[in-house]
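Participant: Input protein-v6.cif, format and content: mmCIF, C-alpha atoms.
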data_structure
#
loop_
_atom_site.label_atom_id
_atom_site.label_comp_id
_atom_site.auth_asym_id
_atom_site.auth_seq_id
_atom_site.Cartn_x
_atom_site.Cartn_y
_atom_site.Cartn_z
CA MET D 1 -3.20 131.98 -161.60
CA LYS D 2 -1.91 135.03 -159.78
CA LEU D 3 0.50 137.64 -161.06
CA THR D 4 3.09 138.68 -158.50
CA ARG D 5 5.23 141.82 -158.67
CA HIS D 6 7.18 142.58 -155.48
CA ASN D 7 9.23 145.73 -155.00
CA GLY D 8 11.93 146.54 -152.47
CA ARG D 9 15.26 148.24 -151.86
CA SER D 10 16.66 147.01 -148.58
CA GLY D 11 16.44 144.36 -145.89
CA ARG D 12 18.00 143.50 -142.53
CA HIS D 13 21.50 143.80 -143.95
CA GLY D 14 21.01 147.06 -145.81
CA ALA D 15 20.45 147.67 -149.52
CA TYR D 16 19.82 144.55 -151.56
CA ASN D 17 22.91 143.18 -153.28
CA PRO D 18 22.46 141.73 -156.79
CA LYS D 19 24.77 138.80 -156.03
CA HIS D 20 21.69 136.67 -155.43
CA ASN D 21 20.37 137.56 -158.87
CA ASP D 22 23.44 136.66 -160.96
CA ARG D 23 24.41 133.78 -158.66
CA ARG D 24 27.76 135.30 -157.69
CA PHE D 25 27.92 133.34 -154.43
CA ASP D 26 28.55 129.78 -153.27
CA LEU D 27 25.51 127.82 -154.42
CA GLU D 28 26.51 124.80 -152.34
CA ASN D 29 25.29 126.64 -149.23
CA SER D 30 21.82 127.26 -150.72
CA ALA D 31 19.71 124.13 -150.47
CA HIS D 32 16.78 125.76 -152.31
CA ILE D 33 18.88 126.30 -155.48
CA ASP D 34 19.45 123.44 -157.92
CA GLN D 35 23.04 123.90 -159.10
CA GLU D 36 22.50 121.87 -162.26
CA ARG D 37 19.42 123.87 -163.29
CA ALA D 38 21.26 127.11 -162.51
CA LYS D 39 23.05 126.59 -165.81
CA GLN D 40 19.70 127.23 -167.54
CA ASN D 41 19.24 130.69 -166.00
CA VAL D 42 19.20 133.77 -168.23
CA TYR D 43 20.93 137.05 -167.30
CA TRP D 44 20.84 140.50 -168.90
CA ASP D 45 22.47 143.84 -168.00
CA CYS D 46 22.54 147.28 -169.59
CA TYR D 47 26.20 147.03 -170.72
CA GLN D 48 26.81 143.41 -171.71
CA GLY D 49 23.35 142.37 -172.85
CA PHE D 50 22.39 138.69 -172.49
CA HIS D 51 24.46 136.08 -170.73
CA PHE D 52 23.66 132.35 -170.78
CA PRO D 53 25.70 130.19 -168.37
CA LYS D 54 25.28 127.09 -170.53
CA ASP D 55 26.88 128.89 -173.50
CA GLN D 56 30.47 127.63 -173.44
CA GLU D 57 31.70 130.44 -175.70
CA GLN D 58 30.54 133.03 -173.16
CA GLU D 59 32.20 131.11 -170.36
CA ASP D 60 35.55 131.66 -172.09
CA ARG D 61 35.30 135.45 -171.92
CA ILE D 62 35.13 137.91 -169.04
CA VAL D 63 31.60 138.51 -167.78
CA TYR D 64 31.17 141.34 -165.31
CA SER D 65 28.92 140.83 -162.31
CA PHE D 66 25.67 142.73 -161.77
CA GLU D 67 27.36 144.50 -158.85
CA GLN D 68 30.15 145.77 -161.13
CA ILE D 69 27.67 146.76 -163.83
CA GLU D 70 25.51 148.77 -161.43
CA GLN D 71 28.45 150.57 -159.86
CA ALA D 72 29.75 151.42 -163.34
CA PHE D 73 26.35 152.86 -164.26
CA TYR D 74 26.25 154.98 -161.10
CA SER D 75 29.76 156.21 -161.75
CA GLU D 76 28.97 157.13 -165.35
CA HIS D 77 25.67 158.87 -164.68
CA TYR D 78 26.00 160.40 -161.21
CA ASP D 79 29.70 161.24 -160.86
CA ALA D 80 29.13 164.81 -162.08
CA TYR D 81 26.42 165.31 -159.44
CA CYS D 82 28.69 163.97 -156.68
CA GLU D 83 31.62 166.21 -157.71
CA ALA D 84 29.42 169.31 -157.85
CA GLN D 85 27.94 168.44 -154.46
CA HIS D 86 31.42 168.05 -153.01
CA GLU D 87 32.24 171.58 -154.15
CA ARG D 88 29.06 172.96 -152.59
CA ASN D 89 29.84 171.09 -149.37
CA ARG D 90 33.38 172.53 -149.37
CA LYS D 91 32.09 176.08 -149.72
CA SER D 92 29.53 175.60 -146.94
CA GLY D 93 32.03 173.91 -144.65
CA HIS D 94 30.29 170.52 -144.70
CA SER D 95 32.74 168.33 -146.54
CA ASN D 96 31.84 165.56 -144.08
CA ARG D 97 28.63 165.19 -146.11
CA ASP D 98 30.49 164.18 -149.27
CA ARG D 99 29.31 160.95 -150.88
CA SER D 100 30.74 158.89 -153.69
CA THR D 101 28.72 157.19 -156.42
CA GLU D 102 29.30 153.92 -154.56
CA ASP D 103 27.76 155.52 -151.46
CA LEU D 104 24.71 156.42 -153.55
CA TRP D 105 24.54 152.83 -154.81
CA ARG D 106 24.55 151.48 -151.25
CA ASP D 107 22.21 154.07 -149.70
CA LYS D 108 18.69 152.78 -148.98
CA LYS D 109 17.12 155.88 -150.54
CA THR D 110 19.19 156.10 -153.72
CA CYS D 111 20.10 152.45 -154.37
CA PRO D 112 18.41 150.52 -157.21
CA GLU D 113 14.90 149.24 -156.61
CA GLU D 114 14.41 145.53 -157.18
CA SER D 115 11.25 143.96 -158.59
CA LEU D 116 10.37 140.28 -158.55
CA ILE D 117 7.99 139.05 -161.25
CA GLN D 118 6.30 135.67 -161.06
CA ILE D 119 3.21 134.17 -162.70
CA GLY D 120 1.69 131.30 -160.75
CA THR D 121 2.95 129.24 -157.83
CA MET D 122 4.88 126.05 -157.16
CA GLU D 123 1.77 124.06 -157.99
CA GLN D 124 0.99 125.81 -161.26
CA SER D 125 2.94 128.39 -163.25
CA VAL D 126 3.62 129.44 -166.82
CA SER D 127 6.51 127.91 -168.71
CA PRO D 128 9.91 129.63 -168.54
CA ALA D 129 9.67 130.51 -172.23
CA VAL D 130 6.31 132.26 -171.79
CA LEU D 131 7.52 134.07 -168.66
CA ALA D 132 10.66 135.27 -170.46
CA GLU D 133 8.67 136.45 -173.48
CA ILE D 134 6.19 138.37 -171.29
CA ALA D 135 9.01 139.91 -169.25
CA MET D 136 10.94 141.07 -172.32
CA GLU D 137 7.82 142.69 -173.78
CA PHE D 138 7.21 144.36 -170.44
CA PHE D 139 10.79 145.67 -170.22
CA GLU D 140 10.56 147.06 -173.77
CA GLU D 141 7.32 148.85 -172.94
CA PHE D 142 8.81 150.00 -169.63
CA GLU D 143 11.84 151.49 -171.40
CA ARG D 144 9.68 153.17 -174.02
CA ARG D 145 7.38 154.83 -171.47
CA PHE D 146 9.70 155.55 -168.56
CA GLY D 147 13.24 155.17 -169.91
CA ASN D 148 14.10 158.86 -169.67
CA HIS D 149 13.99 158.75 -165.87
CA ILE D 150 13.84 155.05 -164.87
CA HIS D 151 16.69 152.86 -166.09
CA ILE D 152 16.68 149.06 -166.03
CA LEU D 153 20.16 148.01 -164.94
CA ASP D 154 19.88 144.23 -165.02
CA TRP D 155 17.50 141.32 -164.76
CA SER D 156 17.72 137.55 -164.37
CA LEU D 157 15.39 134.66 -165.12
CA HIS D 158 15.80 132.02 -162.41
CA LEU D 159 14.90 128.46 -163.36
CA ASP D 160 16.84 126.82 -160.55
CA GLU D 161 14.31 127.37 -157.75
CA ALA D 162 10.85 126.02 -157.03
CA THR D 163 9.00 128.41 -159.38
CA PRO D 164 10.32 130.30 -162.44
CA HIS D 165 10.63 133.99 -161.63
CA ILE D 166 12.50 137.14 -162.64
CA HIS D 167 14.54 139.62 -160.59
CA GLU D 168 14.83 143.06 -162.20
CA ARG D 169 16.63 146.14 -160.84
CA HIS D 170 16.19 149.75 -161.90
CA VAL D 171 17.11 153.23 -160.71
CA PHE D 172 15.08 156.47 -160.73
CA ASP D 173 16.82 159.74 -161.58
CA CYS D 174 16.00 163.28 -162.59
CA GLU D 175 17.64 166.67 -163.07
CA ASN D 176 18.00 168.59 -159.82
CA GLY D 177 17.89 172.35 -159.28
CA TYR D 178 21.50 172.71 -160.39
CA GLY D 179 20.92 170.95 -163.71
CA GLU D 180 22.69 167.74 -162.58
CA ILE D 181 21.29 164.22 -162.97
CA GLN D 182 20.65 162.87 -159.48
CA PRO D 183 19.11 159.57 -158.32
CA GLN D 184 15.74 160.57 -156.82
CA GLN D 185 12.51 158.62 -157.08
CA GLU D 186 9.72 161.06 -156.23
CA LYS D 187 10.98 163.85 -158.46
CA ALA D 188 11.49 161.42 -161.35
CA LEU D 189 7.93 160.10 -161.06
CA GLU D 190 6.57 163.64 -160.84
CA THR D 191 8.48 164.55 -164.01
CA LEU D 192 7.02 161.48 -165.74
CA GLY D 193 3.54 162.78 -164.95
CA PHE D 194 2.48 160.46 -162.14
CA ASP D 195 0.05 162.06 -159.70
CA LEU D 196 -0.79 161.17 -156.11
CA PRO D 197 -3.58 158.57 -155.81
CA LEU D 198 -5.44 161.15 -153.69
CA PRO D 199 -4.37 164.52 -155.12
CA ASP D 200 -6.41 166.53 -152.61
CA GLN D 201 -4.74 164.86 -149.62
CA LYS D 202 -1.28 165.14 -148.10
CA LYS D 203 1.48 162.99 -149.56
CA GLY D 204 2.49 160.11 -147.31
CA LYS D 205 3.08 156.40 -147.02
CA LEU D 206 -0.40 155.54 -148.28
CA ASN D 207 -0.60 158.41 -150.75
CA ASN D 208 2.45 158.77 -153.00
CA ARG D 209 3.37 158.71 -156.68
CA LYS D 210 5.10 155.35 -156.34
CA MET D 211 1.69 153.80 -155.73
CA THR D 212 0.40 155.22 -158.99
CA PHE D 213 3.53 154.05 -160.81
CA ASP D 214 3.29 150.51 -159.42
CA ALA D 215 -0.37 150.33 -160.42
CA ALA D 216 0.54 151.38 -163.98
CA CYS D 217 3.24 148.69 -164.14
CA ARG D 218 0.79 146.03 -162.99
CA GLU D 219 -1.69 147.07 -165.66
CA MET D 220 1.06 146.87 -168.27
CA LEU D 221 1.87 143.34 -167.15
CA PHE D 222 -1.78 142.28 -167.12
CA ASP D 223 -2.29 143.65 -170.64
CA ILE D 224 0.76 141.75 -171.94
CA CYS D 225 -0.36 138.54 -170.20
CA ALA D 226 -3.82 138.91 -171.74
CA ARG D 227 -2.23 139.17 -175.19
CA HIS D 228 -0.57 135.83 -174.46
CA GLY D 229 -3.93 134.27 -173.62
CA LEU D 230 -3.44 134.21 -169.85
CA HIS D 231 -6.41 134.90 -167.60
CA LEU D 232 -5.02 135.98 -164.25
CA ASP D 233 -6.47 136.99 -160.91
CA HIS D 234 -6.42 140.79 -160.88
CA GLU D 235 -6.56 141.06 -157.08
CA PRO D 236 -3.30 142.61 -155.84
CA GLU D 237 -0.86 140.12 -154.39
CA TYR D 238 -0.81 141.85 -151.03
CA GLY D 239 -4.34 141.31 -149.81
CA GLY D 240 -6.40 143.53 -152.12
CA ARG D 241 -5.85 146.68 -150.08
CA ALA D 242 -5.38 150.11 -151.68
CA TYR D 243 -1.67 149.67 -151.04
CA LEU D 244 0.44 147.35 -148.95
CA ASP D 245 4.17 146.87 -149.36
CA LYS D 246 5.83 143.56 -148.62
CA GLN D 247 6.42 144.20 -144.92
CA ASP D 248 2.84 145.42 -144.38
CA TYR D 249 1.61 142.25 -146.01
CA ILE D 250 3.74 140.09 -143.72
CA LEU D 251 2.42 141.92 -140.66
CA MET D 252 -1.15 141.58 -141.94
CA LYS D 253 -0.71 137.83 -142.35
CA GLN D 254 0.75 137.55 -138.86
CA LYS D 255 -2.23 139.43 -137.43
CA GLU D 256 -4.61 137.10 -139.27
CA LYS D 257 -2.75 134.11 -137.85
CA LEU D 258 -2.97 135.56 -134.34
CA ALA D 259 -6.69 136.19 -134.86
CA VAL D 260 -7.16 132.48 -135.58
CA GLN D 261 -5.10 131.63 -132.49
CA ASP D 262 -7.23 134.04 -130.45
CA GLN D 263 -10.37 132.21 -131.58
CA GLN D 264 -8.85 128.89 -130.57
CA ILE D 265 -7.84 130.27 -127.18
CA GLU D 266 -11.29 131.77 -126.65
CA SER D 267 -12.81 128.38 -127.45
CA LYS D 268 -10.57 126.78 -124.82
CA GLU D 269 -11.49 129.50 -122.35
CA ALA D 270 -15.17 128.83 -123.00
CA GLU D 271 -14.61 125.16 -122.19
CA LEU D 272 -12.76 126.14 -119.04
CA GLU D 273 -15.53 128.53 -118.01
CA ALA D 274 -17.97 125.64 -118.21
CA ILE D 275 -15.96 124.04 -115.39
CA THR D 276 -14.86 127.19 -113.57
CA ILE D 277 -17.35 128.84 -111.20
CA ARG D 278 -19.12 131.75 -112.94
CA ILE D 279 -20.38 133.73 -109.94
CA GLU D 280 -19.19 136.97 -108.40
CA ASP D 281 -19.10 135.93 -104.74
CA THR D 282 -16.87 132.86 -104.59
CA GLU D 283 -17.02 132.60 -100.81
CA ALA D 284 -20.82 132.58 -100.89
CA PHE D 285 -20.68 129.75 -103.35
CA VAL D 286 -18.19 127.86 -101.19
CA GLU D 287 -20.47 128.28 -98.18
CA GLU D 288 -23.47 127.06 -100.14
CA VAL D 289 -21.68 123.98 -101.45
CA ALA D 290 -20.18 123.24 -98.02
CA ASP D 291 -23.67 123.41 -96.45
CA ALA D 292 -25.06 120.98 -98.99
CA ALA D 293 -22.09 118.65 -98.60
CA TYR D 294 -22.32 118.84 -94.79
CA GLU D 295 -26.05 118.01 -94.73
CA GLN D 296 -25.52 115.02 -96.95
CA ALA D 297 -22.58 113.89 -94.83
CA VAL D 298 -24.60 114.14 -91.58
CA GLU D 299 -27.46 112.22 -93.09
CA VAL D 300 -25.20 109.44 -94.33
CA VAL D 301 -23.28 109.23 -91.02
CA THR D 302 -26.47 109.17 -88.91
CA LYS D 303 -28.02 106.42 -91.00
CA THR D 304 -24.81 104.44 -90.84
CA VAL D 305 -24.61 104.79 -87.03
CA GLN D 306 -28.25 103.80 -86.68
CA GLU D 307 -27.71 100.69 -88.73
CA GLU D 308 -24.54 99.76 -86.86
CA ILE D 309 -26.11 100.25 -83.40
CA ARG D 310 -29.28 98.44 -84.39
CA ASN D 311 -27.43 95.55 -85.89
CA GLU D 312 -25.08 95.27 -82.92
CA ASP D 313 -27.88 95.53 -80.27
CA PHE D 314 -30.23 93.15 -82.02
CA GLY D 315 -27.40 90.71 -82.46
CA LEU D 316 -26.66 90.63 -78.71
CA ILE D 317 -30.33 90.18 -77.78
CA GLU D 318 -30.83 87.44 -80.34
CA GLU D 319 -27.75 85.64 -78.99
CA GLN D 320 -29.19 85.71 -75.41
CA ARG D 321 -32.59 84.49 -76.67
CA ARG D 322 -30.94 81.56 -78.50
CA ILE D 323 -29.01 80.62 -75.35
CA VAL D 324 -32.17 80.62 -73.18
CA LEU D 325 -34.30 78.66 -75.62
CA ASN D 326 -31.66 76.00 -76.21
CA ASN D 327 -30.77 75.52 -72.54
CA ALA D 328 -32.35 72.23 -71.40
CA GLY D 329 -32.06 73.30 -67.78
CA PHE D 330 -34.80 75.93 -68.18
CA SER D 331 -38.46 74.98 -67.64
CA ASP D 332 -41.18 76.17 -70.00
CA ARG D 333 -42.22 78.80 -67.51
CA GLU D 334 -38.61 80.10 -67.22
CA ARG D 335 -38.29 80.19 -70.98
CA GLN D 336 -41.48 82.26 -71.34
CA LEU D 337 -40.27 84.68 -68.68
CA ALA D 338 -36.89 85.01 -70.39
CA SER D 339 -38.59 85.70 -73.74
CA ARG D 340 -40.68 88.49 -72.21
CA ILE D 341 -37.57 90.03 -70.64
CA LEU D 342 -35.64 89.85 -73.91
CA ALA D 343 -38.59 91.39 -75.79
CA GLY D 344 -38.58 94.27 -73.32
CA LEU D 345 -34.85 94.69 -73.80
CA MET D 346 -35.42 94.76 -77.55
CA ASN D 347 -37.90 97.61 -77.26
CA ARG D 348 -35.64 99.40 -74.83
CA PHE D 349 -32.68 99.09 -77.18
CA LYS D 350 -34.80 100.45 -80.05
CA GLY D 351 -35.50 103.52 -78.03
CA MET D 352 -31.84 103.82 -77.07
CA THR D 353 -30.78 103.59 -80.75
CA GLN D 354 -33.16 106.38 -81.69
CA TYR D 355 -31.93 108.42 -78.74
CA ILE D 356 -28.29 108.00 -79.76
CA SER D 357 -29.06 108.98 -83.36
CA GLU D 358 -30.90 112.09 -82.25
CA ARG D 359 -28.02 113.04 -79.96
CA MET D 360 -25.55 112.57 -82.81
CA ALA D 361 -27.65 114.73 -85.10
CA ALA D 362 -27.86 117.41 -82.42
CA ILE D 363 -24.10 117.36 -81.99
CA PHE D 364 -23.44 117.53 -85.74
CA ARG D 365 -25.84 120.42 -86.12
CA SER D 366 -24.33 122.58 -83.40
CA SER D 367 -22.80 125.75 -84.86
CA GLU D 368 -19.34 125.01 -83.43
CA LYS D 369 -19.22 121.40 -84.63
CA LYS D 370 -20.75 122.35 -87.97
CA ALA D 371 -18.08 125.03 -88.56
CA GLU D 372 -15.36 122.56 -87.56
CA ILE D 373 -16.54 119.88 -89.99
CA LYS D 374 -17.34 122.28 -92.83
CA GLU D 375 -13.87 123.89 -92.88
CA PRO D 376 -12.10 120.93 -94.59
CA ILE D 377 -14.97 120.79 -97.11
CA LYS D 378 -14.57 124.48 -97.87
CA GLU D 379 -10.80 124.13 -98.19
CA SER D 380 -11.28 121.31 -100.71
CA ILE D 381 -13.64 123.46 -102.77
CA ARG D 382 -11.22 126.41 -102.66
CA ASP D 383 -8.42 124.14 -103.87
CA ARG D 384 -10.50 123.08 -106.85
CA LEU D 385 -11.37 126.67 -107.65
CA ALA D 386 -7.71 127.67 -107.37
CA ARG D 387 -6.70 124.95 -109.83
CA SER D 388 -9.35 126.11 -112.27
CA GLN D 389 -8.21 129.72 -111.88
CA LYS D 390 -4.61 128.66 -112.45
CA GLN D 391 -5.61 127.00 -115.71
CA ALA D 392 -7.40 130.18 -116.78
CA ASP D 393 -4.37 132.32 -115.86
CA GLU D 394 -2.05 130.05 -117.85
CA LEU D 395 -4.30 130.34 -120.90
CA ASN D 396 -4.42 134.13 -120.58
CA ALA D 397 -0.63 134.32 -120.15
CA ARG D 398 -0.14 132.18 -123.24
CA ARG D 399 -2.50 134.42 -125.15
CA ARG D 400 -0.61 137.56 -124.11
CA THR D 401 2.67 135.91 -125.08
CA GLU D 402 1.36 134.99 -128.52
CA ARG D 403 0.07 138.53 -129.04
CA GLY D 404 3.45 139.88 -128.00
CA MET D 405 5.13 137.75 -130.66
CA LEU D 406 3.92 140.12 -133.37
CA PRO D 407 7.20 141.75 -134.39
CA LYS D 408 7.79 145.36 -135.05
CA ARG D 409 7.81 146.41 -138.66
CA ARG D 410 10.96 145.10 -140.24
CA GLN D 411 12.44 144.85 -143.72
CA GLN D 412 12.67 141.41 -145.34
CA ASP D 413 15.32 140.18 -147.77
CA MET D 414 13.78 139.82 -151.18
CA GLU D 415 14.54 136.22 -151.96
CA LEU D 416 12.09 133.71 -153.42
CA SER D 417 12.67 130.11 -152.56
#
Now, as a test, write the supplied structure out as C-alpha cells.
Facilitator:
Amino acid sequence: MKLTRHNGRSGRHGAYNPKHNDRRFDLENSAHIDQERAKQNVYWDCYQGFHFPKDQEQEDRIVYSFEQIEQAFYSEHYDAYCEAQHERNRKSGHSNRDRSTEDLWRDKKTCPEESLIQIGTMEQSVSPAVLAEIAMEFFEEFERRFGNHIHILDWSLHLDEATPHIHERHVFDCENGYGEIQPQQEKALETLGFDLPLPDQKKGKLNNRKMTFDAACREMLFDICARHGLHLDHEPEYGGRAYLDKQDYILMKQKEKLAVQDQQIESKEAELEAITIRIEDTEAFVEEVADAAYEQAVEVVTKTVQEEIRNEDFGLIEEQRRIVLNNAGFSDRERQLASRILAGLMNRFKGMTQYISERMAAIFRSSEKKAEIKEPIKESIRDRLARSQKQADELNARRRTERGMLPKRRQQDMELS
C-alpha cells in the first residue's frame, strides 16, 4: 500500500475553508459523501478536544465549528502582533496596510496549512481504527518535536467517503524582530533547525526548508506505520521526484497523458504517410503517374478499336460470302469468282484495320492530344493528394489542440472523494 500525505493552503476560491473537514455544509449536495456514515466521523480541535457526531450527549451541547476555533486561535495568539503593526503603520503613514487576525487567517501566506493523510486506496486500505491510532501517534510526536512553532488546530477522520482519510490543519509561527509572535512559515522552520535540502544553493521553489520539514514528517509517519506492522511503498506520492507539490503532480500527469496521445497520433500519422505521397516534387510524381496511366489507356483503347473494327469488317464480309454461296442463281464459276473477291476484300480490310489503329496511336501520342488527355488524369491525382494532405492537416491540428489543452499552473481544492 501507499502512504499519502498532501499539503496545501489555497485553491481556486482562496484559502481553504475547514467547513469541508467538520462537515459544516449541506451534505445533500455532495453525492460522494454518505450522510449516514458521516455520523461515524471523528473530529478534534485544540480547544474542545474530541467530538463524535454519534454521541447524543455531545449533540445536546454547543459545539463550535473548526472555522470558529481557528479564528479564535488567531485572535488569541496574533492579536498583539496585529495591534503593534497597526501602530507602526500609523507612524509611517501606511494605515491602509492594517490587517486583522481574521485577515491573517484568510491570507494565502499566513492561513493554516492543511494536510491530508491516507493509507491505501479505494481498493485496499487500513481499517479506520488503525488509521486513527497511527494519526494520533503521529500528532503526539508532531507536537512534541515541533509544537513550539507549529500548532495543530484541528483534524477530522472521515469515514463517509470512498477511502478513510484524515484532514489536519496547522499554523506556523515565530517571534519576529519586535518580539511579537507572528504567523510565518520559513522563519519558524529555520528556528526549528530545518536546513535547505541544498544548503550551498539559492533558496527557491525546489530548495526550501518546507521540503526538509515535509520529508521529516513522512519519515515519522513511515516509522509509526512500521511499528504497526505495515509495509508501505516508500516512493513519494507525487512521482518520486525530489519534490513536487500537488499542482506540479497534476501537471506532470497531464503531460504524461499528452505524451501517450502524441504516440497515438504519431501512429496514425505513420499510417497516413503510408498512403500519402512521400516525395519532394509532387508535380513530378503527378506527371510520372499521368504518363503511366496515359500509356495504359492508349494501349487499351487501341486494342479495343482494333477488335471492334475487325469484328465489324469481318462480319460484313462473312455476310456477303454467305449470301453468294447460298444464292441458287449463281453458277459454280460465279461462286468461285465471288469467293476470290471476298478473300481479297478480307485482306484489304485487315490492312485497313491496322492502318486505322496506327493512325489512332499516332493521334493519341501527339504532344497536343497527349497533354489534353493527361490533364484530367493529373487533376484526379491532385485531388487524391489534396484529400490525403487534408487528413494530415486535420491530424496535426488536433494534435496542436490537444497540446494546447495543458492548463497553466493552477491551485486545486484539497478534497478527496
Participant: Please enumerate the residues selected by the PyMOL selection byres ((chain D and resi 148-156) around 6) when evaluated against the supplied file, formatted as an MDAnalysis selection string.
Facilitator: chainID D and resid 42:46 146:147 157 166:174 188
Participant: As an exercise, work out the distance from atom CA of D:Thr191 to atom CA of D:Gly179 in Å and give it to one decimal place.
Facilitator: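 These atoms are spaced 14.0 Å apart.
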Participant: With only C-alpha atoms as the counted atoms, please give the residues lying no more than 8 Å from stretch 67-71 of chain D, apart from itself and same-chain residues fewer than 2 positions off, as a list in words.
Facilitator: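 Skipping anything fewer than 2 positions along the chain leaves Asn17, Pro18, Lys19, Asp45, Cys46, Tyr47, Tyr64, Ser65, Phe73, Tyr74, Ser75, Thr101, Glu102, Trp105 and Leu153 of chain D.
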Participant: With only C-alpha atoms as the basis for distance, which of D:Glu83, D:Asp160, D:Glu114, D:Asp107 is at the shortest distance from D:Asp34?
Facilitator: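 Checking each candidate against D:Asp34, we get D:Asp160 as the closest.
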Participant: Would you mind reading off the distance between atom CA of D:Asp22 and atom CA of D:Gln124, one decimal, in Å?
Facilitator: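 Computed distance, atom CA of D:Asp22 to atom CA of D:Gln124, equals 24.9 Å.
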Participant: Which polymer residues have any atom within 9 Å of an atom of D:Arg106, counting only C-alpha atoms, with same-chain residues fewer than 5 positions away left out, as number ranges by chain?
Facilitator: D: 14-17, 101, 111-112
Participant: Ranking D:Leu189, D:Thr121, D:Leu131, D:Arg227 by minimum distance to D:Arg145 and counting all atoms listed in the file, which one comes first?
Facilitator: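 Nearest candidate to D:Arg145 out of D:Leu189, D:Thr121, D:Leu131, D:Arg227: D:Leu189.
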